[in-house]
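Data block below; observations after.
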Amino acid sequence: MSHPVSPDAAEAAGARGEHVFVKSFGCQMNVYDSQRMTDLALAEGYSETSEIADADLVVFNTCHIREKAAEKLYSELGKAREIKQARAAGGKATKLVVAGCVAQAEGREILRRQSAVDVVVGPQNYHRLPELLRARGAVVDTEFAVEDKFERLPAPTVEATRARGASAFVTVQEGCDKFCAFCVVPYTRGAEVSRPSEKILVEIERLAAAGAREFTLIGQNVNAYRDAEGLGLAGLLDRAAALPGVERLRYSTSHPNDMDDELVAAHAENLKLAPYLHLPVQSGSDRILAAMNRRHDAAAYLDTVARVRRARPDIAFSSDFIVGFPGETEADFEATLGLVGEVGFASAFAFKYSPRPGTPAAEAQDQVPAPVKEERLARLLSLLESQRQAFNRATVGRRFGVIFDKPGRHEGQLIGRSPYMQAVHAEAAPERVGLMSEVEIVDVGPNSLKGRLVEAA
């Protein structure tokens, strides 16, 4: 069942030349959700704009993982309110929508703090956005929906897909059952739910037909994926690899406890699966991992890394780290540095712990002082950056496939991504955008690699 687009509303919006502006904060899931909300608006007759001042419909798709997420939203809403008032003075109406995880967490509080907002909608309900926009007065919809929102979303147009480039996100799983002590996801996204594999494959096939070549299967806990027939993530990746037009596959974000033998083997057997795995560990201290309710220790994580490396020797890892979790001592932090040194990461994200209301860790009494967190974070980031630069230097002289995505800053230059998620620029004809090209890495910059196109003999 597709989204029941209102023909009258779509025709009216199109006739009036109305525009939609969507701003996404946070994770890959939000990027995907923002694209689907844009698709909803396009189906309702809106045209997409990159200028908020030109938008008749403004959507902020929010993330609640980072520190001060709500305050950042209210700052954005203050600016949007001024734009809305200025447009109203010129006779133009503006609908202002807050979606995503902050919407889910804050709910009606958003309307209380910012009266310019028309709609507050949670991440499980944005498929209802068109009908919410047609409601009288401000509305809040943060109940966990019973129906499958993916069934009610319109297919993205070929034009929209092409405009988004050769890489595409596809949500295959939502929610999380792990309940890590620092995380709000189980409360804002709900329990783990896996989409039917046949619906996912149809979506990938449609995106590939429109020009997408690299697909990242995403979920809050993506490697817990298992459909109603028992197909796991490895099987889904195998079926996706067989679809025409699919050149490269990735998946994110994973939990170490769900790296089963079948998925590990896929890294050896599925030739379209990129040799790159984002596997968050958060800490190298067993004591802190237990306090975080991660349900694994450092040894188990290192064993998983070793298993994957045996299956795919050229694989590279990235990870997430939280510094200054309540109760973290210098010895705990040194254990994290030790784990980083043992694994050797190609890339990583590290953040200071910040409390999230409603999570167990937020109530802990032994919070780490801010200056200590800042000093530890600086040390960890320095080590991670040295590893990233070393990994990048080691790619000089290597050849691998790059899917060029867009023109570079210089004439005759294209930019794409390596199998290891590095930005790569090379001199190449514009016709190679969207194609897999063999590239030899010849130099390394601070944030990108310089490549040379390897022409076929």
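Following the order of the structure tokens, chains are lettered A, B, ..., residues in each are numbered from 1, and ligands are numbered from 1.
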Do a neighbour search on stretch 389-394 of chain A at 12 Å with only C-alpha atoms, toss out local chain neighbours closer than 4 positions, and write the hits as a VMD selection string.
-> chain A and resid 314 to 318 344 to 348 382 to 385 398 to 399 418 420 to 424 441 to 450
Would you kindly return, as a count of residues only, each protein, DNA or RNA residue with an atom no farther than 9 Å from any atom of stretch 141-157 of chain A, considering only C-alpha atoms and excluding same-chain residues fewer than 6 positions away?
-> 36
Check stretch 199-341 of chain A with DSSP on the backbone and list each residue it calls helix (DSSP H, G or I), as a ChimeraX atom specification.
-> /A:199-209,222-224,233-241,256-258,261-269,286-291,298-311,330-341
The selected residues should be written to file as a PDB file, in the first residue's frame (atoms: C-alpha atoms).
ATOM      1  CA  LYS A 199      10.349  -4.767   0.253  1.00  0.00           C
ATOM      2  CA  ILE A 200      13.974  -3.806   0.865  1.00  0.00           C
ATOM      3  CA  LEU A 201      15.147  -5.495  -2.325  1.00  0.00           C
ATOM      4  CA  VAL A 202      12.450  -3.767  -4.362  1.00  0.00           C
ATOM      5  CA  GLU A 203      13.608  -0.417  -2.953  1.00  0.00           C
ATOM      6  CA  ILE A 204      17.257  -1.155  -3.796  1.00  0.00           C
ATOM      7  CA  GLU A 205      16.299  -2.315  -7.291  1.00  0.00           C
ATOM      8  CA  ARG A 206      14.332   0.878  -7.875  1.00  0.00           C
ATOM      9  CA  LEU A 207      17.190   3.065  -6.627  1.00  0.00           C
ATOM     10  CA  ALA A 208      19.701   1.187  -8.788  1.00  0.00           C
ATOM     11  CA  ALA A 209      17.495   1.672 -11.851  1.00  0.00           C
ATOM     12  CA  VAL A 222      21.498  -3.255  11.739  1.00  0.00           C
ATOM     13  CA  ASN A 223      23.256  -6.575  12.283  1.00  0.00           C
ATOM     14  CA  ALA A 224      20.316  -7.716  14.417  1.00  0.00           C
ATOM     15  CA  LEU A 233      21.655  -9.562   7.379  1.00  0.00           C
ATOM     16  CA  ALA A 234      24.212 -11.774   5.612  1.00  0.00           C
ATOM     17  CA  GLY A 235      21.480 -13.344   3.478  1.00  0.00           C
ATOM     18  CA  LEU A 236      19.970  -9.942   2.731  1.00  0.00           C
ATOM     19  CA  LEU A 237      23.366  -8.622   1.618  1.00  0.00           C
ATOM     20  CA  ASP A 238      23.814 -11.682  -0.594  1.00  0.00           C
ATOM     21  CA  ARG A 239      20.466 -11.094  -2.316  1.00  0.00           C
ATOM     22  CA  ALA A 240      21.160  -7.382  -2.702  1.00  0.00           C
ATOM     23  CA  ALA A 241      24.523  -8.123  -4.324  1.00  0.00           C
ATOM     24  CA  PRO A 256      29.482  -6.397  18.535  1.00  0.00           C
ATOM     25  CA  ASN A 257      27.173  -9.005  20.101  1.00  0.00           C
ATOM     26  CA  ASP A 258      25.307  -9.485  16.815  1.00  0.00           C
ATOM     27  CA  ASP A 261      29.362 -16.428  12.041  1.00  0.00           C
ATOM     28  CA  GLU A 262      27.182 -16.021   8.950  1.00  0.00           C
ATOM     29  CA  LEU A 263      27.779 -12.282   8.841  1.00  0.00           C
ATOM     30  CA  VAL A 264      31.509 -12.673   9.467  1.00  0.00           C
ATOM     31  CA  ALA A 265      31.677 -15.165   6.592  1.00  0.00           C
ATOM     32  CA  ALA A 266      29.877 -12.681   4.332  1.00  0.00           C
ATOM     33  CA  HIS A 267      32.922 -10.429   4.522  1.00  0.00           C
ATOM     34  CA  ALA A 268      34.920 -13.180   2.837  1.00  0.00           C
ATOM     35  CA  GLU A 269      32.283 -14.436   0.409  1.00  0.00           C
ATOM     36  CA  ASP A 286      35.416  -3.971  31.200  1.00  0.00           C
ATOM     37  CA  ARG A 287      34.172  -2.141  34.289  1.00  0.00           C
ATOM     38  CA  ILE A 288      32.814   0.745  32.244  1.00  0.00           C
ATOM     39  CA  LEU A 289      31.380  -1.574  29.569  1.00  0.00           C
ATOM     40  CA  ALA A 290      29.436  -3.345  32.317  1.00  0.00           C
ATOM     41  CA  ALA A 291      28.204  -0.008  33.700  1.00  0.00           C
ATOM     42  CA  ALA A 298      37.014  -5.822  25.710  1.00  0.00           C
ATOM     43  CA  ALA A 299      38.248  -9.366  25.031  1.00  0.00           C
ATOM     44  CA  ALA A 300      35.004 -10.295  23.268  1.00  0.00           C
ATOM     45  CA  TYR A 301      35.258  -7.174  21.099  1.00  0.00           C
ATOM     46  CA  LEU A 302      38.863  -7.925  20.182  1.00  0.00           C
ATOM     47  CA  ASP A 303      37.895 -11.509  19.364  1.00  0.00           C
ATOM     48  CA  THR A 304      35.187 -10.241  16.994  1.00  0.00           C
ATOM     49  CA  VAL A 305      37.698  -7.948  15.297  1.00  0.00           C
ATOM     50  CA  ALA A 306      40.076 -10.902  14.894  1.00  0.00           C
ATOM     51  CA  ARG A 307      37.333 -13.139  13.446  1.00  0.00           C
ATOM     52  CA  VAL A 308      36.398 -10.541  10.834  1.00  0.00           C
ATOM     53  CA  ARG A 309      40.053  -9.937   9.958  1.00  0.00           C
ATOM     54  CA  ARG A 310      40.618 -13.632   9.410  1.00  0.00           C
ATOM     55  CA  ALA A 311      37.659 -13.654   7.023  1.00  0.00           C
ATOM     56  CA  GLU A 330      42.216   7.172  34.636  1.00  0.00           C
ATOM     57  CA  ALA A 331      42.839   3.416  34.593  1.00  0.00           C
ATOM     58  CA  ASP A 332      39.566   2.878  32.723  1.00  0.00           C
ATOM     59  CA  PHE A 333      40.552   5.499  30.187  1.00  0.00           C
ATOM     60  CA  GLU A 334      44.005   3.966  29.766  1.00  0.00           C
ATOM     61  CA  ALA A 335      42.261   0.678  28.963  1.00  0.00           C
ATOM     62  CA  THR A 336      40.421   2.460  26.141  1.00  0.00           C
ATOM     63  CA  LEU A 337      43.702   3.816  24.787  1.00  0.00           C
ATOM     64  CA  GLY A 338      45.110   0.302  24.973  1.00  0.00           C
ATOM     65  CA  LEU A 339      42.240  -1.159  22.980  1.00  0.00           C
ATOM     66  CA  VAL A 340      42.617   1.557  20.332  1.00  0.00           C
ATOM     67  CA  GLY A 341      46.304   0.779  20.065  1.00  0.00           C
TER      68      GLY A 341
END
Near stretch 25-29 of chain A, counting only C-alpha atoms, which residues have an atom at most 6 Å away, once you skip same-chain residues fewer than 3 positions from it, shown as a ChimeraX atom specification?
-> /A:32,62-63
Save the residues we just selected, C-alpha atoms, as an mmCIF file, in the first residue's frame?
data_model
loop_
_atom_site.group_PDB
_atom_site.id
_atom_site.type_symbol
_atom_site.label_atom_id
_atom_site.label_comp_id
_atom_site.auth_asym_id
_atom_site.auth_seq_id
_atom_site.Cartn_x
_atom_site.Cartn_y
_atom_site.Cartn_z
ATOM 1 C CA TYR A 32 17.269 8.558 5.093
ATOM 2 C CA THR A 62 16.262 16.152 14.793
ATOM 3 C CA CYS A 63 18.713 13.878 16.604
#
Could you please write out, as number ranges by chain, every residue of stretch 72-244 of chain A that DSSP assigns to strand (DSSP E or B)?
-> A: 95-100, 119-121, 139-141, 167-171, 173-174, 193-194, 214-218, 226, 232
Residue neighbourhood stretch 79-85 of chain A, 12 Å, only C-alpha atoms, exclusion window fewer than 2 positions, as a PyMOL selection string = chain A and resi 21+23+51-60+72-77+87-98+113-118
What separation in Å, quoted to one decimal, exists between atom CA of A:Val281 and atom CA of A:Leu377?
-> 15.4 Å
Could you tell me how far atom CA of A:Gly408 lies from atom CA of A:Phe215, in Å and to one decimal?
-> 21.9 Å
Determine, counting only C-alpha atoms, which protein, DNA and RNA residues have an atom within 6 Å of an atom of A:Asn61; residues of the same chain fewer than 6 positions away are not included. Present the result as a PyMOL selection string.
-> chain A and resi 24+99-100
Let's have the selection written as an mmCIF file, in the first residue's frame, with N, CA and C atoms.
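Output file selection29.cif is given in full below:
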data_model
loop_
_atom_site.group_PDB
_atom_site.id
_atom_site.type_symbol
_atom_site.label_atom_id
_atom_site.label_comp_id
_atom_site.auth_asym_id
_atom_site.auth_seq_id
_atom_site.Cartn_x
_atom_site.Cartn_y
_atom_site.Cartn_z
ATOM 1 N N SER A 24 18.435 18.081 8.111
ATOM 2 C CA SER A 24 18.625 16.852 8.880
ATOM 3 C C SER A 24 19.787 17.012 9.858
ATOM 4 N N ALA A 99 10.523 17.151 13.478
ATOM 5 C CA ALA A 99 10.423 15.697 13.377
ATOM 6 C C ALA A 99 11.630 15.053 14.053
ATOM 7 N N GLY A 100 11.613 13.721 14.157
ATOM 8 C CA GLY A 100 12.775 12.992 14.651
ATOM 9 C C GLY A 100 12.765 12.754 16.148
#
Quick one: residues within 12 Å of stretch 365-375 of chain A, only C-alpha atoms counted, chain neighbours fewer than 6 positions away excluded, as a PDB file with C-alpha atoms, in the first residue's frame?
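Output (selection.pdb):
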ATOM      1  CA  ALA A 291      28.204  -0.008  33.700  1.00  0.00           C
ATOM      2  CA  ILE A 322      32.405   7.766  24.856  1.00  0.00           C
ATOM      3  CA  VAL A 323      34.888   9.498  27.127  1.00  0.00           C
ATOM      4  CA  GLY A 324      34.113  10.359  30.730  1.00  0.00           C
ATOM      5  CA  PHE A 325      31.217   7.984  31.307  1.00  0.00           C
ATOM      6  CA  PRO A 326      30.113   8.193  34.978  1.00  0.00           C
ATOM      7  CA  GLY A 327      32.679   6.528  37.209  1.00  0.00           C
ATOM      8  CA  GLU A 328      35.427   6.382  34.573  1.00  0.00           C
ATOM      9  CA  THR A 329      38.857   6.471  36.215  1.00  0.00           C
ATOM     10  CA  GLU A 330      42.216   7.172  34.636  1.00  0.00           C
ATOM     11  CA  PHE A 333      40.552   5.499  30.187  1.00  0.00           C
ATOM     12  CA  ALA A 350      34.755  10.063  20.002  1.00  0.00           C
ATOM     13  CA  PHE A 351      32.589  12.207  22.264  1.00  0.00           C
ATOM     14  CA  LYS A 352      32.430  13.416  25.823  1.00  0.00           C
ATOM     15  CA  TYR A 353      29.675  11.726  27.794  1.00  0.00           C
ATOM     16  CA  SER A 354      26.621  13.939  28.235  1.00  0.00           C
ATOM     17  CA  PRO A 355      23.538  12.895  30.235  1.00  0.00           C
ATOM     18  CA  LEU A 381      41.291  12.088  19.456  1.00  0.00           C
ATOM     19  CA  SER A 382      45.031  12.619  19.007  1.00  0.00           C
TER      20      SER A 382
END
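The residue that comes closest to A:Cys183, out of A:Val139, A:Val102, A:Val170, A:Ala362 and on the basis of only C-alpha atoms, is A:Ala362.
Of the residues listed (A:Glu44, A:Phe179, A:Gly211, A:Leu231), A:Leu231 shows the shortest atom-to-atom separation from A:Pro196; distances use only C-alpha atoms.
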